[in-house]
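All remarks here apply to the structure that follows.
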Amino acid sequence: MSTLDGIDDAHDVLRRVFGYDSFRGDQREIIDHIVAGGDALVLMPTGGGKSLCYQIPALVRRGVGVVISPLIALMQDQVDALTALGVRAGFLNSTQMPHERQQVERDFLSGELDLLYLAPERLRVDATMRLLDQGTVSLFAIDEAHCVAQWGHDFRPDYLALSELHERWPDVPRVALTATATPETHREIAARLKLDEARHFVASFDRPNIQYRIEPKQEPRRQLLRLLREEHPDDAGIVYCLSRASVDKTAEFLVQSGVTALPYHAGLDGRTRADNQARFLREDGVVMVATIAFGMGIDKPDVRFVAHLDLPKSVEGYYQETGRAGRDGLPSTAWLAYGLQDVVQLRKMIDDSEGNAAHRRRQGAHVDAMLALCETVECRRVQLLAYFGEKGGPCGNCDTCLNPPAAWDGTIAAQKVLSTVFRLARERRQKFGAGQIIDILRGKKTAKVIQFDHDTLSVFGVGEDLDDNAWRGVIRQLLAQGLLTVEGDYGTLVLTDASGDVLGRRREVMLRREPERAARTRSSGSS
Ligand code: ADP
Ligand code: ZN
């Protein structure tokens with residue numbers, strides 16, 4: 001198969017091997033460029049069709065296409081799928097028995113493979129490098145290339161060694177592919193992999209069939225259930241939670257509510273994980289409740305919704321996770337519920353994380369960008385695409401377009417919150433979170449308010465014009481705008497350098513007022 005000749009080999013392979021009539025998007029140009037021996041950097045959204053971009057050149061060029069992929073758990077599936085199409089594929093990773101590995105190595109050396117999948121850590125083993133020297137490599141495909149970027153959200157140290165491929169095999173073309181890249185990550189991938197001469201193929205990241213919706217958390221599981229019952233009964237979908245415990249609880253809750261839901265996280269044994277994944281892929285209408293350990297490389301076209309019950313750690317992660325919805329191009333929902341507590345929890349995770357100050361700063365910046373997306377009064381898609389360096393107009397298919405939130409002048413409300421935070425900050429030994437601030441503003445004489453004499457503060461009761469939810473919204477938005485930040489285990493609110501401008505009346509604060517029922521955007525029935 002790899003010795004085809006003639007002018008339109010690529011199209012021939014597309015039809016005969018993969019059974020498709022035409023190329024999509026930039027596939028044709030990318031494939032021609034690689035077949036001709038050029039390097040490429042391919043940025044294409046999930047479901048865009050990246051695999052063919054290296055699989056076809058591997059079949060057209062002489063030798064074996066070597067694919068570096070971090071998705072060890074999926075290698076067997078990928079190889080099986082290719083084998084079913086008549087493509088000769090194998091993989092090498094740490095899960096294999098020595099004799100299995102040796103067989104693949106023999107096939108590689110005798111040229112009886114078209115594609116060889118390698119886990120990145122294999123390249124650290126000198127024997128692997130020597131093996132590649134002894135065979136004929138037609139190209140290197142570096143999948144999930146964003147894993148090389150420290151700026152990104154999914155850094156893997158093993159990927160750094162991939163820059164050596166070019167030094168050792170300067171004549172073998174390389175193609176790096178990813179579905180997630182801000183302009184910063186994009187630049188970093190090119191630099192770290194030394195893709196100096198590579199052509200960059202950047203597809204639009206817009207997924208017009210996905211409706212983006214973000215709403216404040218009140219009773220998150222009930223909100224989720226409402227979404228499933230009203231808009232996605234019997235649909236397949238993924239629900240992401242931050243912790244394993246909350247995955248288990250949420251899956252249990254859904255099952256009790258009559259939904260076919262399965263849990264997936266790294267704490268389950270391998271067998272259960274594999275079974276649940278297989279059921280999700282094969283059966284109709286299964287809801288997978290998972291941590292972000294689930295989903296990379298999963299190719300299920302009819303995932304109708306992706307729901308987040310907790311704030312994702314970055315816009316890149318959010319985009320990649322929501323991108324698993326609607327690969328078939330049909331209408332799908334990306335729904336997120338988030339609250340103040342999420343911000344507290346993420347900040348705490350960052351504070352507790354290993355890594356230096358620069359690393360923590362980067363992670364903090366990722367959270368800030370995610371918060372800004374949540375609290376925007378503009379089109380979600382415009383903001384999302386702007387993050388990936390694309391411009392566009394309002395989309396008409398996100399919650400803010402369909403049900404525009406009113407903007408209101410929240411300067412005075414902001415001043416009330418900030419001056420309460422300022423007064424509490426003087427009580428050095430005691431730390432207070434949002435709950436206490438709201439109780440003070442609303443003039444509630446709770447035990448904790450009395451205990452600390454907070455009913456004697458001048459701000460006590462000055463916020464009776466708004467209810468608890470509205471105040472939580474104000475505080476969330478002050479966090480999103482960098483006018484407040486949180487510290488420590490209990491989510492103590494503290495002022496930032498920018499707070500002074502609001503307190504000193506040098507800066508206005510525009511806030512978003514949540515629409516009455518943020519969730520109802522598609523149909524107009526009542527609940
Ligand atoms: P990605 O890796 O970018 O997420 P895949 O390579 O898995 O995307 O492709 C997504 C889906 O689109 C797959 O089911 C694939 O078979 C299909 N596909 C890719 N290219 C074409 C094409 N030219 N015509 C029809 N279907 C395609
Ligand atoms: Zn929009």
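Every chain in the structure tokens takes a letter, A first, then B, and so on in the order presented; its residues are numbered from 1, and the ligands are numbered from 1 following the presented order.
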**Prompt:** Which residues form the shell of 12 Å around ligand 2 when you count only C-alpha atoms and all ligand atoms, given as a PyMOL selection string?
**Reply:** chain A and resi 206-214+373+376-385+392-405+521
Written file, previous selection with N, CA and C atoms, as a CSV table (one decimal), in the first residue's frame:
```
chain,number,residue,atom,x,y,z
A,206,ASP,N,-14.0,28.0,15.2
A,206,ASP,CA,-15.4,28.1,15.4
A,206,ASP,C,-16.2,26.8,15.3
A,207,ARG,N,-17.0,26.5,16.2
A,207,ARG,CA,-17.9,25.3,16.1
A,207,ARG,C,-19.3,25.8,16.1
A,208,PRO,N,-19.8,26.3,15.0
A,208,PRO,CA,-21.1,27.0,15.0
A,208,PRO,C,-22.3,26.2,15.5
A,209,ASN,N,-22.2,24.8,15.4
A,209,ASN,CA,-23.3,24.0,15.9
A,209,ASN,C,-23.4,23.9,17.4
A,210,ILE,N,-22.4,24.3,18.1
A,210,ILE,CA,-22.4,24.2,19.6
A,210,ILE,C,-22.9,25.5,20.2
A,211,GLN,N,-23.9,25.4,21.0
A,211,GLN,CA,-24.5,26.5,21.7
A,211,GLN,C,-23.9,26.6,23.1
A,212,TYR,N,-23.2,27.8,23.3
A,212,TYR,CA,-22.5,27.9,24.6
A,212,TYR,C,-23.4,28.6,25.6
A,213,ARG,N,-23.4,28.1,26.8
A,213,ARG,CA,-24.3,28.6,27.8
A,213,ARG,C,-23.6,28.5,29.2
A,214,ILE,N,-23.6,29.6,29.9
A,214,ILE,CA,-23.0,29.6,31.2
A,214,ILE,C,-23.9,30.2,32.2
A,373,LEU,N,-14.7,35.0,30.7
A,373,LEU,CA,-15.6,34.4,29.8
A,373,LEU,C,-17.0,34.2,30.5
A,376,THR,N,-18.9,37.7,31.0
A,376,THR,CA,-19.0,38.7,29.9
A,376,THR,C,-20.4,39.0,29.6
A,377,VAL,N,-20.7,40.3,29.2
A,377,VAL,CA,-22.0,40.6,28.7
A,377,VAL,C,-22.0,40.5,27.2
A,378,GLU,N,-20.9,40.2,26.6
A,378,GLU,CA,-20.8,40.0,25.1
A,378,GLU,C,-21.1,38.6,24.7
A,379,CYS,N,-21.1,38.4,23.4
A,379,CYS,CA,-21.3,37.1,22.8
A,379,CYS,C,-20.2,36.1,23.3
A,380,ARG,N,-20.6,35.0,23.8
A,380,ARG,CA,-19.6,34.0,24.4
A,380,ARG,C,-18.6,33.6,23.3
A,381,ARG,N,-19.2,33.4,22.1
A,381,ARG,CA,-18.3,32.9,21.0
A,381,ARG,C,-17.3,33.9,20.6
A,382,VAL,N,-17.7,35.2,20.5
A,382,VAL,CA,-16.8,36.2,20.1
A,382,VAL,C,-15.6,36.2,21.1
A,383,GLN,N,-16.0,36.1,22.4
A,383,GLN,CA,-14.9,36.1,23.4
A,383,GLN,C,-14.0,34.9,23.4
A,384,LEU,N,-14.7,33.8,23.1
A,384,LEU,CA,-13.9,32.5,23.0
A,384,LEU,C,-13.0,32.5,21.9
A,385,LEU,N,-13.5,32.9,20.7
A,385,LEU,CA,-12.6,32.9,19.5
A,385,LEU,C,-11.5,34.0,19.6
A,392,GLY,N,-14.7,38.0,15.0
A,392,GLY,CA,-16.0,37.7,14.4
A,392,GLY,C,-17.0,38.5,15.1
A,393,GLY,N,-18.3,38.4,14.6
A,393,GLY,CA,-19.4,39.2,15.1
A,393,GLY,C,-20.2,38.3,16.0
A,394,PRO,N,-21.2,38.9,16.7
A,394,PRO,CA,-22.1,38.1,17.6
A,394,PRO,C,-22.7,36.9,16.8
A,395,CYS,N,-22.8,35.8,17.5
A,395,CYS,CA,-23.1,34.5,16.8
A,395,CYS,C,-24.6,34.1,16.7
A,396,GLY,N,-25.4,34.7,17.6
A,396,GLY,CA,-26.8,34.3,17.6
A,396,GLY,C,-27.1,32.9,18.1
A,397,ASN,N,-26.0,32.2,18.6
A,397,ASN,CA,-26.2,30.9,19.1
A,397,ASN,C,-25.5,30.7,20.4
A,398,CYS,N,-25.6,31.7,21.3
A,398,CYS,CA,-25.0,31.5,22.7
A,398,CYS,C,-26.0,32.2,23.6
A,399,ASP,N,-25.9,31.9,24.9
A,399,ASP,CA,-26.9,32.5,25.8
A,399,ASP,C,-26.9,34.0,25.8
A,400,THR,N,-25.8,34.7,25.7
A,400,THR,CA,-25.8,36.1,25.7
A,400,THR,C,-26.4,36.7,24.5
A,401,CYS,N,-26.2,36.0,23.3
A,401,CYS,CA,-26.9,36.5,22.1
A,401,CYS,C,-28.4,36.2,22.1
A,402,LEU,N,-28.8,35.0,22.6
A,402,LEU,CA,-30.2,34.7,22.6
A,402,LEU,C,-31.0,35.4,23.7
A,403,ASN,N,-30.3,35.7,24.7
A,403,ASN,CA,-31.1,36.2,25.9
A,403,ASN,C,-30.1,37.2,26.6
A,404,PRO,N,-30.0,38.4,25.9
A,404,PRO,CA,-28.9,39.3,26.4
A,404,PRO,C,-29.1,39.7,27.8
A,405,PRO,N,-28.0,39.6,28.6
A,405,PRO,CA,-28.1,40.1,30.0
A,405,PRO,C,-28.0,41.6,30.0
A,521,THR,N,-33.1,28.9,26.6
A,521,THR,CA,-32.8,29.7,25.5
A,521,THR,C,-33.3,29.1,24.2
```
**Item:** Protein and nucleic residues near ligand 1, 9 Å, only C-alpha atoms and all ligand atoms, as a VMD selection string
**Value:** chain A and resid 14 18 to 25 27 to 28 43 to 53 143 177 to 179 297 to 301 323 to 324 327 to 328
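Closest approach to Val306 of chain A among A:Tyr240, A:Tyr117, A:Tyr54, A:Phe280 is made by A:Tyr240 (distances from only C-alpha atoms).
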**Neighbour list for Val172 of chain A as number ranges by chain, cut-off 12 Å, only C-alpha atoms, skip fewer than 6 positions in-chain** = A: 34-40, 58, 61-66, 132-133, 136-141, 165-166
**Request:** Write down as a count of residues only the residues belonging to segment 289-324 of chain A that are assigned alpha helix (DSSP H) by DSSP computed on the backbone.
**Result:** 8
**Prompt:** In Å, with one decimal, what is the gap from atom CA of Arg174 of chain A to atom CA of Ala73 of chain A?
**Reply:**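 For atom CA of Arg174 of chain A relative to atom CA of Ala73 of chain A, the distance reads 23.6 Å.
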**Residue among A:Val202, A:Leu281, A:Tyr159, A:Gly463 lying closest to Asp26 of chain A, counting only C-alpha atoms** =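 For Asp26 of chain A, the nearest of the candidates is A:Val202.
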**Item:** Picked from segment 102-308 of chain A by DSSP as strand (DSSP E), as a ChimeraX atom specification
**Value:** /A:115-118,137-142,174-178,199-202,210-216,237-240,261-264,287-290,305-308
**Asked** Could you pull the residues within 12 Å of segment 245-258 of chain A, counting only C-alpha atoms, minus those fewer than 6 positions along the same chain, as a PyMOL selection string?
**Response** chain A and resi 220-229+233-234+238-239+264-268+286-294+307-310
**Asked** Which of these, A:His454, A:His33, A:Arg513, A:Arg423, has the shortest distance to Arg199 of chain A once you count only C-alpha atoms?
**Response**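 Distance minimum relative to Arg199 of chain A lands on A:His33.
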**Request:** Please identify all polymer residues within 7 Å of Arg442 of chain A, counting only C-alpha atoms, omitting same-chain residues fewer than 6 positions from it, and present them as an NGL selection string.
**Result:** :A and (461-464)
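Residues in contact with Gly326 of chain A at up to 8 Å, not including ones fewer than 4 positions away on its chain and judged by only C-alpha atoms, are Asn209, Ile210, Pro301, Asp302, Val303, Arg304, Phe305, Leu330, Pro331 and Ser332 of chain A.
Between atom CA of Ala191 of chain A and atom CA of Val175 of chain A the separation is 13.7 Å.
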**Prompt:** Restricting the calculation to only C-alpha atoms, which member of A:Leu336, A:Leu479, A:Ile437, A:Ala89 is positioned closest to Ala372 of chain A?
**Reply:**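 Nearest candidate to Ala372 of chain A out of A:Leu336, A:Leu479, A:Ile437, A:Ala89: A:Leu479.
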**Request:** Have a look at atom CA of Arg426 of chain A and atom CA of Ala470 of chain A and let me know their distance in Å, one decimal.
**Result:**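 That distance, rounded to one decimal, is 25.8 Å.
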**Prompt:** Looking at only C-alpha atoms, which of A:Leu115, A:Met349, A:Ala198, A:Ile438 is the one that sits closest to Ser243 of chain A?
**Reply:**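 Going through A:Leu115, A:Met349, A:Ala198, A:Ile438 one by one, the smallest distance to Ser243 of chain A is for A:Met349.
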